[in-house]
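structure.txt (compact mmCIF, C-alpha atoms and all ligand atoms)
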# COMPACT_ATOMS: atom_id res chain seq x y z
CA MET G 1 6.43 35.64 -4.25
CA THR G 2 6.57 34.54 -7.88
CA ILE G 3 6.14 30.88 -8.72
CA GLY G 4 7.07 29.47 -12.11
CA ILE G 5 5.27 26.31 -13.14
CA ILE G 6 6.42 24.21 -16.04
CA GLY G 7 3.73 22.10 -17.69
CA SER G 8 0.09 23.12 -17.56
CA GLY G 9 -1.44 19.62 -17.59
CA THR G 10 -3.39 17.95 -14.79
CA MET G 11 -0.82 18.62 -12.07
CA GLY G 12 0.71 21.91 -13.24
CA SER G 13 -2.66 23.63 -13.59
CA GLY G 14 -3.76 22.36 -10.16
CA ILE G 15 -0.54 23.56 -8.52
CA ALA G 16 -0.96 26.93 -10.24
CA GLN G 17 -4.44 27.23 -8.72
CA VAL G 18 -3.09 26.41 -5.24
CA ALA G 19 -0.27 28.97 -5.45
CA ALA G 20 -2.47 31.69 -6.98
CA THR G 21 -5.17 31.15 -4.36
CA SER G 22 -2.56 31.72 -1.65
CA GLY G 23 -1.64 35.06 -3.20
CA CYS G 24 1.46 34.12 -5.17
CA LYS G 25 2.07 35.45 -8.65
CA VAL G 26 2.20 32.47 -11.00
CA LYS G 27 3.78 32.07 -14.41
CA LEU G 28 2.32 28.92 -15.91
CA TYR G 29 4.37 27.71 -18.86
CA ASP G 30 3.72 24.99 -21.41
CA THR G 31 5.17 24.27 -24.84
CA ASN G 32 1.68 23.48 -26.05
CA ARG G 33 -0.64 26.50 -26.50
CA ALA G 34 -3.69 24.24 -26.44
CA ALA G 35 -2.67 22.92 -23.00
CA LEU G 36 -2.42 26.49 -21.69
CA ASP G 37 -5.85 27.38 -23.11
CA LYS G 38 -7.30 24.22 -21.61
CA ALA G 39 -5.82 25.05 -18.20
CA GLU G 40 -7.24 28.58 -18.35
CA ALA G 41 -10.70 27.35 -19.34
CA ALA G 42 -10.65 24.61 -16.68
CA LEU G 43 -9.78 27.12 -13.94
CA GLU G 44 -12.66 29.38 -15.05
CA LYS G 45 -15.04 26.43 -14.67
CA ILE G 46 -13.64 25.38 -11.27
CA LEU G 47 -13.87 28.92 -9.88
CA LEU G 48 -17.43 29.39 -11.19
CA ARG G 49 -18.40 26.19 -9.41
CA LEU G 50 -16.79 27.47 -6.20
CA ILE G 51 -18.87 30.66 -6.51
CA GLU G 52 -22.02 28.57 -7.01
CA LYS G 53 -21.19 26.64 -3.85
CA GLY G 54 -20.69 29.92 -2.00
CA ARG G 55 -17.07 29.11 -1.24
CA ILE G 56 -15.63 32.21 -2.96
CA ASP G 57 -17.07 35.44 -4.41
CA SER G 58 -16.42 36.89 -7.86
CA GLU G 59 -13.84 39.28 -6.45
CA GLU G 60 -11.84 36.32 -5.15
CA LYS G 61 -12.23 34.61 -8.51
CA ASN G 62 -10.80 37.66 -10.28
CA ARG G 63 -7.97 37.86 -7.78
CA ILE G 64 -6.98 34.21 -8.33
CA GLN G 65 -7.20 34.48 -12.11
CA GLY G 66 -5.32 37.79 -12.05
CA ASN G 67 -2.46 36.06 -10.28
CA ILE G 68 -1.80 33.65 -13.16
CA ASP G 69 -0.01 34.47 -16.39
CA TYR G 70 -0.10 31.79 -19.08
CA VAL G 71 3.25 31.95 -20.86
CA GLU G 72 4.82 30.23 -23.86
CA ASN G 73 8.49 30.93 -23.21
CA LEU G 74 10.60 29.31 -20.52
CA LYS G 75 12.42 32.67 -20.28
CA ASP G 76 9.24 34.20 -18.86
CA LEU G 77 9.94 32.30 -15.64
CA ALA G 78 13.11 34.34 -15.11
CA ASN G 79 11.85 36.28 -12.07
CA SER G 80 10.58 33.26 -10.16
CA ASN G 81 11.57 32.58 -6.54
CA LEU G 82 10.49 28.96 -6.89
CA THR G 83 9.77 26.91 -10.00
CA ILE G 84 7.90 23.61 -10.00
CA GLU G 85 8.14 21.32 -13.00
CA ALA G 86 5.19 19.07 -13.91
CA ILE G 87 5.92 17.86 -17.44
CA VAL G 88 6.16 14.33 -18.86
CA GLU G 89 7.68 11.69 -16.59
CA ASN G 90 10.89 11.36 -18.62
CA LEU G 91 14.29 11.93 -17.04
CA ASP G 92 16.05 13.16 -20.18
CA VAL G 93 13.31 15.66 -21.02
CA LYS G 94 13.22 16.93 -17.43
CA LYS G 95 17.01 17.30 -17.30
CA LYS G 96 17.04 19.28 -20.54
CA VAL G 97 14.37 21.67 -19.29
CA PHE G 98 16.12 22.07 -15.92
CA SER G 99 19.49 22.95 -17.40
CA GLU G 100 17.91 25.50 -19.75
CA LEU G 101 15.81 26.98 -16.94
CA GLU G 102 18.91 27.44 -14.80
CA THR G 103 20.37 29.81 -17.39
CA TYR G 104 17.36 32.17 -17.04
CA VAL G 105 16.57 32.24 -13.32
CA ASP G 106 18.28 34.00 -10.44
CA SER G 107 20.91 32.06 -8.48
CA ASN G 108 18.55 31.93 -5.45
CA CYS G 109 15.64 30.45 -7.35
CA ILE G 110 14.60 26.99 -6.15
CA ILE G 111 14.08 24.50 -8.95
CA ALA G 112 11.65 21.74 -7.97
CA SER G 113 10.11 18.71 -9.63
CA ASN G 114 6.68 17.16 -9.07
CA THR G 115 7.93 13.77 -10.28
CA SER G 116 6.26 10.67 -8.81
CA SER G 117 8.87 8.11 -9.70
CA LEU G 118 12.22 9.60 -10.73
CA SER G 119 14.97 10.22 -8.24
CA ILE G 120 15.45 13.86 -7.30
CA ALA G 121 19.22 13.28 -7.22
CA SER G 122 19.17 12.32 -10.90
CA ILE G 123 17.13 15.38 -11.90
CA ALA G 124 19.29 17.67 -9.73
CA SER G 125 22.41 16.39 -11.47
CA ALA G 126 21.38 18.35 -14.58
CA LEU G 127 21.93 21.62 -12.71
CA LYS G 128 25.18 23.55 -12.24
CA ASN G 129 23.90 24.35 -8.75
CA PRO G 130 22.14 21.15 -7.66
CA GLU G 131 21.73 22.33 -4.02
CA ARG G 132 18.75 24.37 -5.22
CA CYS G 133 16.89 21.31 -6.49
CA ILE G 134 14.16 19.55 -4.48
CA GLY G 135 11.12 17.30 -5.00
CA ILE G 136 7.69 18.81 -4.32
CA HIS G 137 5.20 16.02 -4.89
CA PHE G 138 1.54 17.03 -5.01
CA PHE G 139 -1.35 14.59 -5.18
CA ASN G 140 -4.13 14.66 -7.74
CA PRO G 141 -6.24 16.82 -7.64
CA ALA G 142 -3.69 19.25 -6.21
CA PRO G 143 -6.21 21.86 -4.98
CA LEU G 144 -8.16 19.22 -3.00
CA MET G 145 -5.53 16.86 -1.64
CA GLN G 146 -4.01 18.21 1.55
CA LEU G 147 -0.70 16.35 1.42
CA VAL G 148 2.49 17.43 -0.29
CA GLU G 149 5.60 15.27 -0.02
CA VAL G 150 8.80 17.32 0.03
CA ILE G 151 11.88 15.38 -1.02
CA PRO G 152 15.36 16.76 -0.54
CA ALA G 153 17.97 15.08 -2.74
CA ILE G 154 21.40 14.28 -1.34
CA GLN G 155 22.54 17.48 -3.10
CA THR G 156 19.80 19.74 -1.63
CA SER G 157 20.84 22.41 0.88
CA ASN G 158 19.10 22.76 4.26
CA GLU G 159 18.07 26.33 3.43
CA VAL G 160 16.29 25.14 0.30
CA LEU G 161 14.49 22.43 2.27
CA GLU G 162 13.42 24.85 5.02
CA PHE G 163 12.23 27.50 2.58
CA THR G 164 10.31 24.93 0.56
CA VAL G 165 8.54 23.45 3.59
CA LYS G 166 7.57 26.92 4.85
CA THR G 167 6.28 27.97 1.43
CA ILE G 168 4.15 24.86 0.93
CA GLU G 169 2.75 25.12 4.47
CA ASN G 170 1.78 28.71 3.69
CA TRP G 171 -0.27 27.27 0.84
CA ASN G 172 -2.32 25.47 3.53
CA LYS G 173 -0.92 22.07 2.73
CA VAL G 174 0.31 19.37 5.10
CA VAL G 175 3.96 18.64 4.34
CA ALA G 176 5.58 15.25 4.81
CA VAL G 177 9.34 15.26 4.28
CA ALA G 178 10.50 12.06 2.59
CA LYS G 179 13.85 10.53 1.70
CA ASP G 180 14.68 10.39 -1.99
CA THR G 181 13.76 6.70 -2.37
CA PRO G 182 11.34 4.97 -4.78
CA GLY G 183 7.69 5.87 -4.21
CA PHE G 184 8.68 8.39 -1.50
CA ILE G 185 6.15 7.70 1.30
CA VAL G 186 2.66 7.23 -0.13
CA ASN G 187 3.44 5.28 -3.28
CA ARG G 188 5.63 2.93 -1.27
CA VAL G 189 3.58 2.41 1.90
CA ALA G 190 0.30 2.00 -0.03
CA ARG G 191 1.54 -0.90 -2.20
CA PRO G 192 0.17 -3.72 0.02
CA PHE G 193 -3.33 -2.23 -0.09
CA TYR G 194 -3.41 -3.28 -3.74
CA GLY G 195 -0.81 -6.07 -3.81
CA GLU G 196 -2.04 -8.07 -0.83
CA SER G 197 -5.66 -7.73 -1.92
CA LEU G 198 -4.75 -9.00 -5.39
CA ARG G 199 -2.84 -11.87 -3.82
CA ILE G 200 -5.84 -12.81 -1.64
CA TYR G 201 -7.98 -12.84 -4.78
CA GLU G 202 -5.40 -14.89 -6.69
CA GLU G 203 -5.34 -17.50 -3.94
CA GLY G 204 -9.08 -17.88 -4.43
CA ILE G 205 -9.86 -16.80 -0.90
CA ALA G 206 -12.51 -14.26 -1.92
CA ASP G 207 -13.79 -12.27 -4.90
CA PHE G 208 -13.13 -8.57 -5.58
CA ALA G 209 -16.35 -7.33 -4.04
CA SER G 210 -15.92 -9.37 -0.86
CA ILE G 211 -12.37 -8.11 -0.33
CA ASP G 212 -13.53 -4.54 -0.92
CA ARG G 213 -16.39 -5.00 1.52
CA SER G 214 -14.06 -6.36 4.24
CA LEU G 215 -11.81 -3.33 4.05
CA LYS G 216 -14.66 -0.85 3.90
CA THR G 217 -16.79 -2.28 6.67
CA LEU G 218 -14.06 -3.42 9.05
CA GLY G 219 -11.46 -0.76 8.26
CA ASN G 220 -13.60 2.21 7.26
CA PHE G 221 -11.64 2.70 4.06
CA LYS G 222 -13.73 4.95 1.79
CA MET G 223 -13.03 2.74 -1.21
CA GLY G 224 -12.02 -0.89 -1.34
CA PRO G 225 -8.74 -1.75 -3.09
CA PHE G 226 -10.42 -3.00 -6.28
CA GLU G 227 -12.73 0.01 -6.49
CA LEU G 228 -9.70 2.22 -5.97
CA MET G 229 -7.59 0.44 -8.62
CA ASP G 230 -10.50 0.86 -11.05
CA PHE G 231 -10.76 4.52 -10.09
CA ILE G 232 -7.03 5.21 -10.50
CA GLY G 233 -6.92 3.09 -13.67
CA ASN G 234 -5.37 -0.38 -13.74
CA ASP G 235 -2.80 0.80 -16.27
CA VAL G 236 -1.64 3.68 -14.05
CA ASN G 237 -1.72 1.66 -10.82
CA TYR G 238 0.09 -1.29 -12.43
CA THR G 239 2.80 0.99 -13.80
CA VAL G 240 3.41 2.55 -10.38
CA THR G 241 3.75 -0.92 -8.84
CA GLU G 242 6.09 -2.09 -11.59
CA THR G 243 8.21 1.06 -11.31
CA VAL G 244 8.50 0.71 -7.53
CA PHE G 245 9.31 -3.03 -7.90
CA GLN G 246 12.10 -2.35 -10.39
CA ALA G 247 13.44 0.60 -8.42
CA PHE G 248 13.74 -1.61 -5.32
CA TYR G 249 15.94 -4.05 -7.23
CA TYR G 250 13.04 -6.49 -7.55
CA ASP G 251 12.30 -6.78 -3.85
CA PRO G 252 9.57 -9.48 -3.84
CA ARG G 253 7.47 -7.42 -1.43
CA TYR G 254 6.57 -5.10 -4.29
CA ARG G 255 6.08 -7.73 -7.00
CA PRO G 256 3.25 -6.72 -9.36
CA SER G 257 0.27 -8.99 -9.95
CA PHE G 258 -0.50 -10.97 -13.10
CA THR G 259 -4.19 -10.41 -12.48
CA GLN G 260 -3.77 -6.66 -12.77
CA LYS G 261 -1.40 -7.05 -15.71
CA ARG G 262 -3.94 -9.12 -17.63
CA PHE G 263 -6.72 -6.66 -16.84
CA THR G 264 -4.52 -3.88 -18.18
CA GLU G 265 -3.60 -5.87 -21.30
CA ALA G 266 -7.26 -6.62 -21.94
CA GLY G 267 -8.11 -2.94 -21.74
CA TYR G 268 -10.11 -3.45 -18.55
CA LEU G 269 -8.68 -0.25 -17.14
CA GLY G 270 -11.46 0.54 -14.72
CA ARG G 271 -13.91 3.41 -14.57
CA LYS G 272 -12.42 5.26 -17.53
CA SER G 273 -12.92 2.29 -19.88
CA GLY G 274 -16.31 1.22 -18.50
CA LYS G 275 -14.91 -2.08 -17.28
CA GLY G 276 -12.27 -3.09 -14.77
CA PHE G 277 -12.72 -5.28 -11.73
CA TYR G 278 -16.29 -3.98 -11.88
CA ASN G 279 -18.55 -2.88 -14.73
CA TYR G 280 -19.51 0.80 -14.93
CA ASP G 281 -22.52 2.61 -16.38
CA ASP G 282 -22.29 5.85 -18.37
CA ASN G 283 -22.22 7.90 -15.16
CA GLY G 284 -19.23 5.98 -13.85
CA SER G 285 -21.27 4.10 -11.23
CA ILE G 286 -20.64 0.44 -10.55
CA VAL G 287 -23.21 -1.84 -12.17
CA VAL G 288 -24.20 -4.29 -9.46
CA GLN G 289 -24.64 -7.75 -10.89
CA SER G 290 -27.85 -9.38 -9.81
CA ASP G 291 -26.14 -12.71 -9.24
CA SER G 292 -23.46 -11.25 -6.95
CA GLU G 293 -23.68 -12.97 -3.60
CA GLU G 294 -23.57 -11.15 -0.31
CA PHE G 295 -20.41 -12.13 1.48
CA ASP G 296 -21.42 -12.91 5.02
CA ASN G 297 -18.58 -15.00 6.37
CA LYS G 298 -17.53 -12.73 9.24
CA VAL G 299 -14.48 -14.77 10.20
CA LEU G 300 -13.12 -14.73 6.67
CA ALA G 301 -13.87 -11.01 6.31
CA GLN G 302 -11.86 -10.33 9.47
CA GLN G 303 -8.96 -12.48 8.22
CA ILE G 304 -8.87 -10.59 4.93
CA PHE G 305 -8.96 -7.22 6.65
CA ASP G 306 -6.31 -8.20 9.21
CA ARG G 307 -4.01 -9.52 6.51
CA VAL G 308 -4.14 -6.40 4.36
CA LEU G 309 -3.93 -4.09 7.38
CA VAL G 310 -0.92 -5.80 8.93
CA MET G 311 0.91 -5.76 5.59
CA LEU G 312 0.28 -2.00 5.39
CA ILE G 313 1.44 -1.51 8.98
CA ASN G 314 4.55 -3.60 8.29
CA GLU G 315 5.39 -1.44 5.27
CA ALA G 316 4.87 1.76 7.28
CA ALA G 317 7.03 0.41 10.11
CA ASP G 318 9.75 -0.54 7.64
CA ALA G 319 9.65 2.96 6.12
CA LEU G 320 10.25 4.34 9.61
CA PHE G 321 12.94 1.72 10.28
CA LEU G 322 14.79 2.86 7.15
CA ASN G 323 14.37 6.57 7.98
CA ILE G 324 12.25 7.34 4.94
CA ALA G 325 10.28 9.82 7.05
CA SER G 326 9.26 10.54 10.64
CA ALA G 327 6.43 8.56 12.25
CA LYS G 328 4.22 11.65 12.19
CA ASP G 329 4.91 12.31 8.51
CA ILE G 330 4.30 8.66 7.59
CA ASP G 331 0.89 8.73 9.27
CA ASN G 332 0.01 12.15 7.83
CA ALA G 333 1.03 10.98 4.39
CA MET G 334 -1.47 8.12 4.40
CA THR G 335 -4.37 10.04 5.95
CA LYS G 336 -3.91 13.23 3.91
CA GLY G 337 -2.47 11.81 0.69
CA VAL G 338 -4.71 8.77 0.17
CA ASN G 339 -7.45 9.44 2.74
CA TYR G 340 -6.80 6.41 4.92
CA PRO G 341 -9.18 6.47 7.89
CA LYS G 342 -6.28 6.28 10.35
CA GLY G 343 -2.51 6.61 10.30
CA LEU G 344 -0.97 3.15 9.98
CA LEU G 345 1.40 3.56 12.93
CA ALA G 346 -1.43 4.84 15.14
CA TRP G 347 -3.39 1.81 13.93
CA ALA G 348 -0.48 -0.44 14.92
CA ASN G 349 -0.63 1.01 18.45
CA GLU G 350 -4.33 0.37 18.58
CA LYS G 351 -4.07 -3.24 17.42
CA GLY G 352 -1.00 -3.78 19.57
CA ILE G 353 2.58 -4.19 18.36
CA ASP G 354 2.56 -7.81 19.58
CA TRP G 355 -0.51 -8.50 17.48
CA CYS G 356 1.27 -7.08 14.40
CA VAL G 357 4.32 -9.29 14.96
CA LYS G 358 2.17 -12.38 15.51
CA GLN G 359 0.15 -11.73 12.35
CA MET G 360 3.28 -11.22 10.26
CA ASP G 361 4.95 -14.31 11.70
CA ALA G 362 1.83 -16.38 11.03
CA LEU G 363 1.84 -15.24 7.39
CA TYR G 364 5.54 -15.99 7.11
CA ASP G 365 5.11 -19.45 8.64
CA GLU G 366 2.34 -20.17 6.20
CA TYR G 367 4.08 -19.00 3.02
CA ARG G 368 7.82 -18.88 3.75
CA GLU G 369 8.13 -15.90 1.43
CA GLU G 370 10.33 -12.85 1.97
CA ARG G 371 7.21 -10.78 1.26
CA TYR G 372 5.88 -11.66 4.71
CA ARG G 373 8.96 -10.95 6.78
CA CYS G 374 8.17 -8.90 9.85
CA SER G 375 9.84 -5.49 10.04
CA PRO G 376 12.78 -5.60 12.46
CA LEU G 377 11.39 -2.42 14.00
CA LEU G 378 8.10 -4.07 14.97
CA ARG G 379 9.94 -7.02 16.43
CA LYS G 380 12.25 -4.77 18.47
CA MET G 381 9.33 -2.65 19.69
CA SER G 382 7.41 -5.74 20.73
CA ARG G 383 10.43 -7.04 22.63
CA GLU G 384 10.93 -3.72 24.37
CA ASN G 385 7.24 -3.10 24.96
CA GLN G 386 7.23 0.16 22.99
CA THR G 387 4.53 1.94 21.03
CA PHE G 388 4.74 4.45 18.17
CA PHE G 389 4.56 8.14 19.19
P1 LIG G 401 -0.01 15.89 -18.12
O1 LIG G 401 0.26 15.04 -19.28
O2 LIG G 401 -1.42 16.16 -17.70
O3 LIG G 401 0.68 17.33 -18.34
C1 LIG G 401 2.00 17.49 -18.79
C2 LIG G 401 2.08 18.83 -19.50
O4 LIG G 401 3.46 19.12 -19.73
C3 LIG G 401 1.38 18.87 -20.85
O5 LIG G 401 0.50 19.97 -20.90
C4 LIG G 401 2.53 19.03 -21.87
O6 LIG G 401 2.18 19.83 -22.97
C5 LIG G 401 3.58 19.72 -21.02
N1 LIG G 401 4.95 19.50 -21.46
C6 LIG G 401 5.52 18.35 -21.92
N2 LIG G 401 6.82 18.55 -22.20
C7 LIG G 401 7.07 19.83 -21.89
C8 LIG G 401 8.23 20.65 -21.96
N3 LIG G 401 9.39 20.16 -22.38
N4 LIG G 401 8.14 21.94 -21.57
C9 LIG G 401 6.96 22.45 -21.13
N5 LIG G 401 5.84 21.73 -21.06
C10 LIG G 401 5.90 20.44 -21.45
O7 LIG G 401 0.84 15.26 -16.91
P2 LIG G 401 0.53 15.28 -15.35
O8 LIG G 401 -0.35 14.15 -15.00
O9 LIG G 401 0.15 16.66 -14.95
O10 LIG G 401 1.96 14.91 -14.74
C11 LIG G 401 3.03 15.81 -14.74
C12 LIG G 401 4.10 15.37 -13.76
O11 LIG G 401 3.54 15.24 -12.45
C13 LIG G 401 4.76 14.02 -14.05
O12 LIG G 401 6.10 14.09 -13.66
C14 LIG G 401 3.98 13.06 -13.15
O13 LIG G 401 4.73 11.92 -12.81
C15 LIG G 401 3.74 13.93 -11.94
N6 LIG G 401 2.60 13.57 -11.11
C16 LIG G 401 1.39 13.22 -11.66
C17 LIG G 401 0.31 12.89 -10.85
C18 LIG G 401 -1.01 12.50 -11.45
O14 LIG G 401 -1.85 11.95 -10.73
N7 LIG G 401 -1.27 12.80 -12.71
C19 LIG G 401 0.42 12.93 -9.39
C20 LIG G 401 1.68 13.41 -8.91
C21 LIG G 401 2.74 13.67 -9.75
Output the structure of this file as structure tokens.
Ligand code: NAI
Amino acid sequence: MTIGIIGSGTMGSGIAQVAATSGCKVKLYDTNRAALDKAEAALEKILLRLIEKGRIDSEEKNRIQGNIDYVENLKDLANSNLTIEAIVENLDVKKKVFSELETYVDSNCIIASNTSSLSIASIASALKNPERCIGIHFFNPAPLMQLVEVIPAIQTSNEVLEFTVKTIENWNKVVAVAKDTPGFIVNRVARPFYGESLRIYEEGIADFASIDRSLKTLGNFKMGPFELMDFIGNDVNYTVTETVFQAFYYDPRYRPSFTQKRFTEAGYLGRKSGKGFYNYDDNGSIVVQSDSEEFDNKVLAQQIFDRVLVMLINEAADALFLNIASAKDIDNAMTKGVNYPKGLLAWANEKGIDWCVKQMDALYDEYREERYRCSPLLRKMSRENQTFF
């Protein structure tokens, strides 16, 4: 199979590696020669490291590299069976590239986008044959992250969806099929991890480190929300939240935080700028402040953890309620796309659906904000004594 990839930046080069490793022929295209050279050099380094670790041999390295052609003309993608676009996140630019690409490729060629935030329906509308368009959303770094969200637009044909899912599964990825709605699964369901933690901080309940510690020790999250925001970059994370908020017609549940906005404005972007919610040394490790107090209030730690967890569960339940994806795909998305220690719906079963409803109702009673409204699905399940799965 021949895969055309448009854009050889962070995502395009990673996707090229995944496809080439699985034995596909890849045409990796970029308008910028330097970006192509950079992608080629980066792959050389990655594969050498894999040899060092004993994960591949030099024959395998040659095979993977031999599968990728670095091309400077969109026309060179003409023989592709599937093309995946990973260029700038700009609808007009994407539409222009898609309509030009359609004039070169075969009528059976699937034309996919790796967009994180644009609607697939809007991108597909640039094509004469929009049934062939689909979202294929990889996570960064593409070769390491197991999850791929596949997003059929309202125009997408069933054959295109089926072929896409099969192809991506053959690349040893876990596929979660998501409705074409803002944030798809992961970027929607994960919002409370950041938003509720920021809110807890803003209320003065606890500091960044204490909130992080609650989630790590009681929830087994690998990184606390503030560590993770610093790692992702406050600018990037803030923009995702703002985009999702706007796309949901300003649903207050997704309202961004002034704290994170100010950190972004101040240039406290996180690890990449040496300062975010934490300070970082030259190796990117957190500098522990000597005056930072150990947070040992167990009751408060549990309250913080429960509050963030139930908000995540509520969001996951609502995604299921609104048919964004199946329960299995929602749980897979969070464990394989953002490494959550457990699927949120499985977690809801474990905590008890009644517990979830009570927690949400207690938050709502306290604040009287729409943000804390319990998902109708949880309420119905509690009434009918049901569990997920
Ligand atoms: P990037 O900035 O690393 O790479 C974009 C590449 O596209 C650059 O090499 C640029 O030269 C090239 N390009 C720009 N316009 C082009 C055109 N008209 N034709 C051909 N090449 C062109 O961007 P990145 O981070 O790889 O993101 C690409 C896409 O993937 C975006 O839609 C983004 O939203 C999405 N995405 C990004 C993720 C991330 O963590 N970076 C995760 C998942 C999706």
Counting all atoms listed in the file, which residues of chain G fall within 7 Å of ligand LIG 401 (chain G), and what is the closest atom pair for each with its distance in Å at one decimal, ordered by chain and rising number, as CSV?
residue,atom,partner,partner_atom,distance
G:Ile6,CA,G:LIG401,C9,5.4
G:Gly7,CA,G:LIG401,O4,3.6
G:Ser8,CA,G:LIG401,O5,4.6
G:Gly9,CA,G:LIG401,O3,3.2
G:Thr10,CA,G:LIG401,O9,3.8
G:Met11,CA,G:LIG401,O9,3.6
G:Gly12,CA,G:LIG401,O9,5.5
G:Tyr29,CA,G:LIG401,C9,6.3
G:Asp30,CA,G:LIG401,N5,3.9
G:Thr31,CA,G:LIG401,C9,4.5
G:Asn32,CA,G:LIG401,O6,4.8
G:Ala35,CA,G:LIG401,O5,4.8
G:Ala86,CA,G:LIG401,C12,3.9
G:Ile87,CA,G:LIG401,O4,3.6
G:Val88,CA,G:LIG401,C13,5.0
G:Glu89,CA,G:LIG401,O12,4.1
G:Val93,CA,G:LIG401,N3,6.1
G:Val97,CA,G:LIG401,N3,6.1
G:Asn114,CA,G:LIG401,O11,5.0
G:Thr115,CA,G:LIG401,O12,3.9
G:Ser116,CA,G:LIG401,O13,4.5
G:Ser117,CA,G:LIG401,O13,6.4
G:His137,CA,G:LIG401,C21,5.9
G:Phe138,CA,G:LIG401,C20,5.3
G:Phe139,CA,G:LIG401,C19,4.9
G:Asn140,CA,G:LIG401,O14,4.6
Could you please give me, as a ChimeraX atom specification, the residues of protein, DNA or RNA lying at most 9 Å from (7.9, -13.7, 8.1) in the coordinate frame of the file, considering only C-alpha atoms?
/G:357,360-375
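If you measure from each of G:Ser107, G:Ser13, G:Gln303, G:Thr264 to Leu215 (chain G) using all atoms listed in the file, the closest one turns out to be G:Gln303.
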Selected residue of minimal separation from Ser326 (chain G) among G:Phe277, G:Phe193, G:Ala178, G:Lys351, counting all atoms listed in the file
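Result for the nearest residue to Ser326 (chain G): G:Ala178.
Among the candidate residues G:Thr387, G:Phe263, G:Tyr340, G:Ala327, the one lying nearest to Cys356 (chain G) is G:Thr387, with distances computed using all atoms listed in the file.
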Between CA of Asp207 (chain G) and CA of Met334 (chain G), what is the distance, to one decimal in Å?
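The value is 25.6 Å.
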What's around Ile232 (chain G) at 9 Å? Count only C-alpha atoms, leave out sequence neighbours fewer than 2 positions away in its own chain, and write the answer as a ChimeraX atom specification.
/G:227-230,234-237,269-272
In Å to one decimal, how far is CA of Pro225 (chain G) from CA of Lys261 (chain G)?
15.5 Å
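Proximity to Ala247 (chain G) was assessed for G:Leu118, G:Ile5, G:Ala317, G:Val189 counting all atoms listed in the file; the smallest distance is recorded for G:Leu118.
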Of the residues G:Asn81, G:Phe305, G:Met145, G:Lys27, which is the one nearest to Phe163 (chain G), using all atoms listed in the file?
G:Asn81
Between G:Leu36, G:Ala346, G:Ile151, G:Val308, single out the one closest to Gly195 (chain G), counting all atoms listed in the file.
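Comparing G:Leu36, G:Ala346, G:Ile151, G:Val308 against Gly195 (chain G), the winner is G:Val308.
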Got a sec: who's within 6 Å of Ser99 (chain G), counting only C-alpha atoms, leaving out chain neighbours fewer than 2 positions off, as number ranges by chain?
G: 96-97, 101-102, 126-127
Which centre and which edge lengths, in Å to one decimal, describe the axis-aligned box that holds all listed atoms of region 311-316 of chain G after 4 Å is added on each side, as JSON?
{"center_x": 2.8, "center_y": -2.0, "center_z": 7.1, "size_x": 13.1, "size_y": 15.5, "size_z": 11.7}
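The gap separating CA of Pro192 (chain G) from CA of Leu312 (chain G) is 5.6 Å, in Å to one decimal.
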